[in-house]
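Asker: Input structure: input.tsv, which contains TSV, C-alpha atoms.
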```tsv
chain	number	residue	atom	x	y	z
E	1	MET	CA	206.37	-14.91	170.35
E	2	ILE	CA	206.84	-17.89	172.71
E	3	ASP	CA	204.14	-20.01	171.06
E	4	ASP	CA	206.14	-20.02	167.81
E	5	PHE	CA	209.37	-21.23	169.44
E	6	GLN	CA	210.72	-24.47	167.95
E	7	LEU	CA	212.96	-26.85	169.87
E	8	PRO	CA	216.25	-27.50	168.04
E	9	ILE	CA	216.10	-31.26	168.48
E	10	GLY	CA	216.30	-33.57	165.47
E	11	ASP	CA	213.32	-35.71	166.51
E	12	PRO	CA	210.30	-34.54	164.47
E	13	GLN	CA	207.88	-34.93	167.39
E	14	TRP	CA	209.83	-32.23	169.27
E	15	ASN	CA	209.78	-29.74	166.38
E	16	ARG	CA	206.34	-28.42	167.21
E	17	PRO	CA	205.23	-25.27	169.04
E	18	ILE	CA	205.60	-25.49	172.81
E	19	GLY	CA	201.86	-25.33	173.36
E	20	ASN	CA	201.33	-28.60	171.44
E	21	ARG	CA	204.21	-30.68	172.76
E	22	GLN	CA	202.56	-31.94	175.95
E	23	SER	CA	202.30	-35.50	174.64
E	24	ALA	CA	205.95	-35.38	173.60
E	25	MET	CA	206.85	-34.36	177.17
E	26	LYS	CA	205.50	-37.66	178.42
E	27	LYS	CA	208.78	-39.16	177.33
E	28	ARG	CA	209.39	-42.56	178.80
E	29	ALA	CA	211.73	-42.64	181.76
E	30	LYS	CA	214.92	-44.59	181.36
E	31	THR	CA	214.60	-48.02	182.95
E	32	PHE	CA	217.04	-50.81	183.74
E	33	THR	CA	216.60	-54.57	183.92
E	34	ILE	CA	217.45	-56.59	187.00
E	35	SER	CA	220.63	-57.99	185.44
E	36	ALA	CA	221.91	-54.52	184.53
E	37	VAL	CA	221.19	-53.20	188.03
E	38	ALA	CA	222.76	-56.26	189.69
E	39	GLU	CA	225.92	-55.82	187.65
E	40	GLU	CA	226.10	-52.08	188.18
E	41	PHE	CA	225.74	-52.33	191.98
E	42	ASP	CA	227.67	-55.58	192.39
E	43	VAL	CA	224.78	-57.50	193.96
E	44	HIS	CA	223.19	-60.80	193.01
E	45	PRO	CA	219.81	-60.57	191.25
E	46	GLN	CA	218.36	-62.67	194.08
E	47	THR	CA	219.32	-59.87	196.48
E	48	LEU	CA	217.25	-57.44	194.43
E	49	ARG	CA	214.35	-59.91	194.44
E	50	LEU	CA	214.68	-60.21	198.22
E	51	TYR	CA	214.59	-56.43	198.60
E	52	GLU	CA	211.41	-56.43	196.51
E	53	ARG	CA	209.83	-59.22	198.60
E	54	GLU	CA	210.67	-57.29	201.76
E	55	GLY	CA	209.03	-54.17	200.30
E	56	LEU	CA	212.23	-52.13	200.20
E	57	LEU	CA	212.19	-51.79	196.40
E	58	LYS	CA	209.17	-51.57	194.14
E	59	PRO	CA	210.29	-51.82	190.52
E	60	SER	CA	207.69	-51.44	187.82
E	61	ARG	CA	206.94	-54.29	185.44
E	62	SER	CA	206.93	-54.50	181.66
E	63	GLU	CA	204.15	-56.14	179.69
E	64	GLY	CA	206.20	-59.34	179.82
E	65	ASN	CA	206.43	-59.01	183.65
E	66	THR	CA	210.14	-58.06	183.56
E	67	ARG	CA	211.29	-55.91	186.48
E	68	LEU	CA	212.14	-52.38	185.37
E	69	TYR	CA	214.16	-50.16	187.70
E	70	THR	CA	213.93	-46.37	187.35
E	71	ASP	CA	216.42	-43.75	188.50
E	72	SER	CA	214.46	-43.27	191.74
E	73	ASP	CA	214.61	-47.05	192.35
E	74	LEU	CA	218.39	-46.90	191.86
E	75	GLU	CA	218.71	-43.98	194.29
E	76	ARG	CA	216.73	-45.95	196.86
E	77	LEU	CA	218.93	-49.00	196.22
E	78	GLU	CA	222.02	-46.87	196.84
E	79	VAL	CA	220.62	-45.88	200.24
E	80	ILE	CA	219.78	-49.51	201.07
E	81	LEU	CA	223.25	-50.71	200.12
E	82	SER	CA	224.92	-47.87	202.00
E	83	LEU	CA	222.97	-48.71	205.15
E	84	THR	CA	223.64	-52.45	204.92
E	85	ARG	CA	227.23	-52.41	203.66
E	86	ASN	CA	228.69	-49.34	205.33
E	87	LEU	CA	226.67	-49.11	208.53
E	88	GLY	CA	225.78	-52.76	209.13
E	89	VAL	CA	222.03	-52.09	209.39
E	90	ASN	CA	219.84	-55.17	208.96
E	91	LEU	CA	216.85	-55.19	206.60
E	92	ALA	CA	214.34	-54.52	209.38
E	93	GLY	CA	216.37	-51.44	210.34
E	94	VAL	CA	216.60	-50.37	206.72
E	95	GLU	CA	212.82	-50.56	206.43
E	96	ILE	CA	212.37	-48.40	209.54
E	97	ILE	CA	214.92	-45.86	208.32
E	98	LEU	CA	213.37	-45.63	204.85
E	99	ASN	CA	209.88	-45.21	206.34
E	100	MET	CA	211.17	-42.49	208.64
E	101	ARG	CA	212.81	-40.72	205.70
E	102	GLU	CA	209.53	-40.83	203.77
E	103	LYS	CA	207.63	-39.42	206.75
E	104	MET	CA	210.24	-36.70	207.21
E	105	ASP	CA	209.98	-35.77	203.53
E	106	ALA	CA	206.18	-35.62	203.83
E	107	MET	CA	206.46	-33.46	206.95
E	108	GLN	CA	208.91	-31.16	205.16
E	109	ARG	CA	206.49	-30.75	202.24
E	110	GLU	CA	203.63	-30.09	204.68
E	111	PHE	CA	205.71	-27.51	206.53
E	112	GLU	CA	206.61	-25.79	203.24
E	113	ARG	CA	202.93	-25.65	202.23
E	114	PHE	CA	202.05	-24.20	205.63
E	115	PHE	CA	204.87	-21.65	205.42
E	116	ASP	CA	203.73	-20.65	201.91
E	117	TYR	CA	200.18	-20.25	203.23
E	118	LEU	CA	201.41	-18.00	206.05
E	119	GLN	CA	203.44	-15.90	203.64
E	120	ASN	CA	200.48	-15.54	201.27
E	121	HIS	CA	198.08	-14.64	204.08
E	122	ALA	CA	200.41	-12.55	206.28
E	123	GLU	CA	198.11	-9.53	206.23
E	124	GLU	CA	195.26	-11.56	207.71
E	125	PHE	CA	197.44	-12.47	210.68
E	126	SER	CA	198.99	-9.03	211.19
E	127	HIS	CA	196.42	-8.02	213.83
E	128	PHE	CA	197.76	-10.79	216.09
E	129	THR	CA	201.09	-9.02	216.37
E	130	GLU	CA	199.74	-5.83	217.95
E	131	PRO	CA	200.88	-5.43	221.57
E	132	PRO	CA	198.26	-5.83	224.31
E	133	PRO	CA	196.98	-2.65	225.99
E	134	GLU	CA	198.92	-3.43	229.21
E	135	ALA	CA	202.28	-2.76	227.48
E	136	GLY	CA	203.89	-6.15	227.79
E	137	ALA	CA	202.08	-7.51	230.87
E	138	LEU	CA	201.45	-11.24	230.62
E	139	VAL	CA	198.37	-11.02	232.81
E	140	PRO	CA	196.14	-7.93	232.69
E	141	ILE	CA	196.50	-5.97	235.93
E	142	ASN	CA	192.76	-5.52	236.37
E	143	ARG	CA	192.25	-9.31	236.48
E	144	VAL	CA	194.72	-10.00	239.27
E	145	ILE	CA	192.86	-10.96	242.45
E	146	ARG	CA	194.78	-10.50	245.65
E	147	VAL	CA	193.92	-12.90	248.43
E	148	PRO	CA	194.44	-11.44	251.93
E	149	ALA	CA	197.00	-13.25	254.08
E	150	LYS	CA	194.32	-14.36	256.60
E	151	ARG	CA	192.25	-16.09	253.91
E	152	ARG	CA	195.37	-17.80	252.51
E	153	SER	CA	196.33	-19.23	255.91
E	154	ALA	CA	192.73	-20.32	256.57
E	155	ALA	CA	192.60	-22.04	253.19
E	156	LYS	CA	195.81	-23.94	253.99
E	157	SER	CA	194.53	-25.17	257.37
E	158	THR	CA	191.31	-26.60	255.87
E	159	ARG	CA	193.26	-28.79	253.45
```
Any chance you could put this one into structure tokens?

Answerer:
Amino acid sequence: MIDDFQLPIGDPQWNRPIGNRQSAMKKRAKTFTISAVAEEFDVHPQTLRLYEREGLLKPSRSEGNTRLYTDSDLERLEVILSLTRNLGVNLAGVEIILNMREKMDAMQREFERFFDYLQNHAEEFSHFTEPPPEAGALVPINRVIRVPAKRRSAAKSTR
């Protein structure tokens, strides 16, 4: 039975049934200090502080107010450095590009939710796909009003 499954990890907090390990799943994410990040990416720590002041990076803080960079912060930093170093984009341009990427990601998620909704409710919309009674006519024939040539020419002369 799945509830009796034990994880084969040496840490005692993991050797519990799956149903009770929710608190153990809240494992702390790996974080990096500003000096480690600066060294890894070959930038000065002041550059990272500047990126934070400009709102490009938002590292979390420890209880002692130390900046802590997560993997997502490092991925964002890689994009920033690629734009500035490889493409010559200034920080204002980087901000615009990052904001556009965030909006595009949000739009993609919204589109996926909408597409999922359509797939889940396809039967409700199936009646919209039935052909109109006039077999492909864009305008129903019985609604077409023909104006005699005399009335058309009279209408033009009064304009």

Asker: Enter the distance from atom CA of Glu112 of chain E to atom CA of Thr70 of chain E, in Å, rounded to one decimal.

Answerer: 27.0 Å

Asker: Atom CA of Glu39 of chain E and atom CA of Leu77 of chain E, how far apart in Å?

Answerer: 13.0 Å

Asker: Between E:Leu74, E:Met107, E:Val43, E:Ile34, which residue has the minimum interatomic distance to Arg61 of chain E, considering all atoms listed in the file?

Answerer: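 The closest residue to Arg61 of chain E is E:Ile34.
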
Asker: Choose the residue, out of E:Arg67, E:Ser62, E:Lys103, E:Phe111, that has the smallest atom-to-atom separation from Arg49 of chain E; count only C-alpha atoms.

Answerer: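 The closest residue to Arg49 of chain E is E:Arg67.
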
Asker: What is the atom CA of Lys58 of chain E-atom CA of Asp73 of chain E distance in Å, reported with one decimal?

Answerer: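 Distance between the two atoms: 7.3 Å.
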
Asker: Nearest residue to Glu78 of chain E out of E:Leu98, E:Met104, E:Ala122, E:Ala92, using all atoms listed in the file?

Answerer: E:Leu98

Asker: Using only C-alpha atoms, which protein or nucleic acid residues come within 10 Å of Asp71 of chain E? Drop anything in the same chain fewer than 4 positions from it, and give the result as a PyMOL selection string.

Answerer: chain E and resi 29-32+75-77

Asker: With all atoms listed in the file as the basis for distance, which of E:Leu83, E:Arg109, E:Asn65, E:Ser72 is at the shortest distance from Glu95 of chain E?

Answerer: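 Checking each candidate against Glu95 of chain E, we get E:Leu83 as the closest.
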